[in-house]
Amino acid sequence: MSKLKTAAVIPARYASSRFPGKALAEIMGQPMIVRVLKAAEKCELIDAVYVATDDVRIKNQVEKAGGSAIMTSAQHQSGTDRIAEAAAEIEADLIVNIQGDEPLIKAESIARALKPFAKEAELKMSTLKRKITAEEAKNPDLVKVITDQNDYALYFSRSPVPYYRSAEPEAQNYYQHIGLYVYRKDFLLQYAGMEQTPLEKAESLEQLRALENGFQIKVLETESKLIGVDRREDIELVEAEIKARRFDS
């Protein structure tokens, strides 16, 4: 990894239909965006961490915590577009997309997604997965992923995939897709410029755009449980998990 300069970019916007201002929501006394920032900074494979935002209130909190923020357009429709704008002015070989609403992300998980790039010169993109139960797989808010025997993504879906026609429940394996991505910078800029694809629109999942255009995505497994913050009530779930893990508050 020493030959590949790596930057993490955390997209964060203030507006949110379900939870306005969630990036600044306090989790055990610390703004969520700062908690994500600090987790990224702990990853030894990352050379620099930036928050890409369209709101000065988020920028101020990041800088107050000693972090770096890049102001981006308020017109972006996705986190990928926001990251691509920020990445264009960052000197790096690899860009790590860390979701700003994943306050339980750990440095070890970030490193796991980065390591394949040291061995696979042609790899363009990687992400993470976590094993879940058949009951969890029924939740459309939890995106599922299936991979080939070399750990490359075959498909991402909100439906419980694969469909087990006859296997007993204990023999069924489902994996949740964890929305952390690593891209080669040149591919990220190319990817952000691609038009939306049919399956991407159907599932409302950006990563399908890469698959539909013939690009491979390496998927690494992590055991870390993440709780994305989509609604205000999710804060309580995150805080309960932090206390259970005995994280520093």
# chains A, B, ... in the order shown; residues from 1 in each chain; ligands from 1
>>> residues_around(residues="Leu123 in chain A", least_positions_apart="5", cutoff="8 Å", atoms="only C-alpha atoms", output="PyMOL selection string")
chain A and resi 116-117+184+216-218
>>> select_by_dssp(residues="range 82-220 of chain A", states="strand (DSSP E)", output="JSON, numbers by chain")
{"A": [94, 95, 96, 97, 125, 126, 127, 128, 129, 130, 131, 132, 144, 145, 146, 147, 153, 154, 155, 156, 157, 174, 175, 176, 177, 178, 179, 180, 181, 182, 183, 184, 218, 219, 220]}
>>> write_last_selection(atoms="C-alpha atoms", output="compact mmCIF listing (two decimals), in the first residue's frame")
# COMPACT_ATOMS: atom_id res chain seq x y z
CA LEU A 94 -7.15 5.57 -4.21
CA ILE A 95 -10.29 7.25 -2.90
CA VAL A 96 -12.24 5.69 -0.03
CA ASN A 97 -15.93 6.57 0.11
CA MET A 125 -13.42 -0.82 -7.05
CA SER A 126 -14.01 -2.71 -3.80
CA THR A 127 -16.62 -2.81 -1.04
CA LEU A 128 -17.70 -4.83 2.02
CA LYS A 129 -20.31 -7.38 3.09
CA ARG A 130 -21.52 -8.86 6.37
CA LYS A 131 -23.35 -12.14 6.98
CA ILE A 132 -26.96 -11.70 8.11
CA LYS A 144 -27.97 -7.72 -0.16
CA VAL A 145 -25.01 -8.81 -2.29
CA ILE A 146 -24.09 -12.11 -3.93
CA THR A 147 -20.59 -12.85 -5.16
CA ALA A 153 -19.97 -9.04 -6.96
CA LEU A 154 -22.56 -10.73 -9.16
CA TYR A 155 -25.49 -8.60 -8.06
CA PHE A 156 -26.79 -6.22 -5.40
CA SER A 157 -30.46 -6.19 -4.48
CA TYR A 174 -27.30 -14.05 3.06
CA TYR A 175 -24.93 -11.10 3.03
CA GLN A 176 -25.67 -7.47 3.67
CA HIS A 177 -23.79 -5.01 1.52
CA ILE A 178 -21.88 -2.47 3.60
CA GLY A 179 -21.81 0.84 1.72
CA LEU A 180 -18.13 1.61 1.97
CA TYR A 181 -16.26 1.80 -1.34
CA VAL A 182 -12.67 2.09 -2.48
CA TYR A 183 -12.01 3.34 -6.02
CA ARG A 184 -8.99 4.08 -8.09
CA LYS A 218 -14.28 -6.92 -5.18
CA VAL A 219 -16.32 -7.70 -2.05
CA LEU A 220 -14.53 -8.33 1.26
>>> select_by_dssp(residues="range 35-187 of chain A", states="helix (DSSP H, G or I)", output="PyMOL selection string")
chain A and resi 35-41+56-64+79-87+107-118+134-137+169-171+185-187
>>> write_last_selection(atoms="N, CA and C atoms", output="compact mmCIF listing (two decimals), in the first residue's frame")
# COMPACT_ATOMS: atom_id res chain seq x y z
N ARG A 35 -17.60 11.69 14.54
CA ARG A 35 -17.35 10.30 14.94
C ARG A 35 -16.86 9.49 13.74
N VAL A 36 -17.46 9.70 12.56
CA VAL A 36 -17.03 9.00 11.35
C VAL A 36 -15.62 9.46 10.96
N LEU A 37 -15.40 10.76 11.03
CA LEU A 37 -14.08 11.33 10.72
C LEU A 37 -12.98 10.69 11.57
N LYS A 38 -13.21 10.61 12.87
CA LYS A 38 -12.21 10.06 13.77
C LYS A 38 -11.94 8.57 13.50
N ALA A 39 -12.98 7.84 13.12
CA ALA A 39 -12.80 6.42 12.79
C ALA A 39 -11.92 6.28 11.56
N ALA A 40 -12.14 7.12 10.55
CA ALA A 40 -11.34 7.06 9.33
C ALA A 40 -9.89 7.42 9.61
N GLU A 41 -9.68 8.39 10.48
CA GLU A 41 -8.32 8.83 10.80
C GLU A 41 -7.51 7.74 11.51
N VAL A 56 -21.99 24.97 5.48
CA VAL A 56 -20.93 25.56 6.28
C VAL A 56 -21.01 25.11 7.74
N ARG A 57 -22.19 24.74 8.21
CA ARG A 57 -22.32 24.27 9.59
C ARG A 57 -21.57 22.95 9.79
N ILE A 58 -21.64 22.09 8.79
CA ILE A 58 -20.90 20.83 8.86
C ILE A 58 -19.40 21.11 8.75
N LYS A 59 -19.04 21.97 7.82
CA LYS A 59 -17.63 22.35 7.65
C LYS A 59 -17.05 22.88 8.95
N ASN A 60 -17.79 23.72 9.64
CA ASN A 60 -17.30 24.31 10.89
C ASN A 60 -17.07 23.26 11.97
N GLN A 61 -17.99 22.29 12.07
CA GLN A 61 -17.83 21.24 13.08
C GLN A 61 -16.63 20.35 12.78
N VAL A 62 -16.43 20.06 11.50
CA VAL A 62 -15.29 19.23 11.09
C VAL A 62 -13.97 19.94 11.43
N GLU A 63 -13.89 21.20 11.09
CA GLU A 63 -12.66 21.95 11.34
C GLU A 63 -12.44 22.18 12.84
N LYS A 64 -13.52 22.35 13.58
CA LYS A 64 -13.42 22.48 15.04
C LYS A 64 -12.80 21.23 15.65
N GLY A 79 -24.10 10.74 -3.16
CA GLY A 79 -22.83 10.88 -2.47
C GLY A 79 -21.65 10.66 -3.40
N THR A 80 -21.83 9.79 -4.40
CA THR A 80 -20.75 9.52 -5.36
C THR A 80 -20.40 10.78 -6.14
N ASP A 81 -21.41 11.52 -6.57
CA ASP A 81 -21.16 12.76 -7.30
C ASP A 81 -20.43 13.76 -6.42
N ARG A 82 -20.81 13.85 -5.16
CA ARG A 82 -20.16 14.78 -4.23
C ARG A 82 -18.71 14.39 -4.01
N ILE A 83 -18.47 13.09 -3.85
CA ILE A 83 -17.10 12.61 -3.64
C ILE A 83 -16.25 12.85 -4.88
N ALA A 84 -16.82 12.63 -6.05
CA ALA A 84 -16.07 12.83 -7.29
C ALA A 84 -15.65 14.29 -7.44
N GLU A 85 -16.53 15.22 -7.08
CA GLU A 85 -16.16 16.63 -7.16
C GLU A 85 -14.99 16.93 -6.23
N ALA A 86 -15.06 16.41 -5.01
CA ALA A 86 -13.98 16.64 -4.05
C ALA A 86 -12.70 15.94 -4.49
N ALA A 87 -12.82 14.71 -4.99
CA ALA A 87 -11.64 13.92 -5.38
C ALA A 87 -10.87 14.56 -6.52
N ALA A 107 -11.81 1.19 11.76
CA ALA A 107 -10.60 1.29 10.94
C ALA A 107 -10.25 -0.05 10.30
N GLU A 108 -10.49 -1.15 11.02
CA GLU A 108 -10.15 -2.47 10.49
C GLU A 108 -10.97 -2.81 9.25
N SER A 109 -12.23 -2.40 9.25
CA SER A 109 -13.08 -2.66 8.09
C SER A 109 -12.63 -1.85 6.88
N ILE A 110 -12.24 -0.61 7.12
CA ILE A 110 -11.74 0.23 6.03
C ILE A 110 -10.48 -0.39 5.43
N ALA A 111 -9.58 -0.83 6.29
CA ALA A 111 -8.33 -1.44 5.83
C ALA A 111 -8.60 -2.71 5.02
N ARG A 112 -9.60 -3.48 5.42
CA ARG A 112 -9.92 -4.72 4.72
C ARG A 112 -10.31 -4.43 3.26
N ALA A 113 -11.06 -3.35 3.04
CA ALA A 113 -11.47 -3.01 1.68
C ALA A 113 -10.32 -2.45 0.85
N LEU A 114 -9.29 -1.93 1.51
CA LEU A 114 -8.14 -1.34 0.81
C LEU A 114 -7.10 -2.37 0.38
N LYS A 115 -6.92 -3.40 1.15
CA LYS A 115 -5.79 -4.31 0.94
C LYS A 115 -5.73 -4.99 -0.43
N PRO A 116 -6.86 -5.36 -1.07
CA PRO A 116 -6.76 -6.02 -2.38
C PRO A 116 -6.06 -5.18 -3.45
N PHE A 117 -6.06 -3.86 -3.30
CA PHE A 117 -5.46 -3.01 -4.32
C PHE A 117 -3.94 -3.15 -4.38
N ALA A 118 -3.35 -3.63 -3.31
CA ALA A 118 -1.90 -3.84 -3.30
C ALA A 118 -1.50 -5.05 -4.13
N ALA A 134 -31.64 -14.90 7.64
CA ALA A 134 -32.69 -14.94 6.62
C ALA A 134 -33.77 -13.92 6.93
N GLU A 135 -34.04 -13.71 8.20
CA GLU A 135 -35.06 -12.73 8.60
C GLU A 135 -34.60 -11.31 8.27
N GLU A 136 -33.33 -11.01 8.56
CA GLU A 136 -32.79 -9.69 8.22
C GLU A 136 -32.81 -9.46 6.72
N ALA A 137 -32.60 -10.52 5.96
CA ALA A 137 -32.53 -10.40 4.50
C ALA A 137 -33.85 -9.94 3.89
N PRO A 169 -33.41 -23.57 6.25
CA PRO A 169 -33.02 -22.24 6.72
C PRO A 169 -31.58 -22.16 7.25
N GLU A 170 -31.16 -23.20 7.97
CA GLU A 170 -29.81 -23.16 8.55
C GLU A 170 -28.73 -23.28 7.48
N ALA A 171 -29.09 -23.68 6.27
CA ALA A 171 -28.11 -23.82 5.19
C ALA A 171 -28.10 -22.60 4.26
N LYS A 185 -8.79 6.48 -8.28
CA LYS A 185 -9.31 7.83 -8.52
C LYS A 185 -9.77 8.02 -9.96
N ASP A 186 -8.99 7.56 -10.93
CA ASP A 186 -9.38 7.76 -12.32
C ASP A 186 -10.68 7.04 -12.64
N PHE A 187 -10.90 5.87 -12.04
CA PHE A 187 -12.14 5.15 -12.27
C PHE A 187 -13.32 5.87 -11.62
>>> residues_around(residues="range 100-102 of chain A", least_positions_apart="4", cutoff="6 Å", atoms="only C-alpha atoms", output="list of chain:residue names")
A:Ile10, A:Pro11, A:Ala12, A:Ile33, A:Gly228, A:Val229
>>> atom_distance(atom1="CA of Lys5 in chain A", atom2="CA of Val34 in chain A")
22.9 Å
>>> atom_distance(atom1="CA of Gln30 in chain A", atom2="CA of Ala52 in chain A")
18.7 Å
>>> atom_distance(atom1="CA of Tyr163 in chain A", atom2="CA of Thr133 in chain A")
13.6 Å
>>> closest_residue(among="A:Met28, A:Leu205, A:Cys43, A:Ala23", to="Lys243 in chain A", atoms="only C-alpha atoms")
A:Met28
>>> closest_residue(among="A:Asp141, A:Glu89, A:Asp151, A:Glu212", to="Asp230 in chain A", atoms="only C-alpha atoms")
A:Asp141
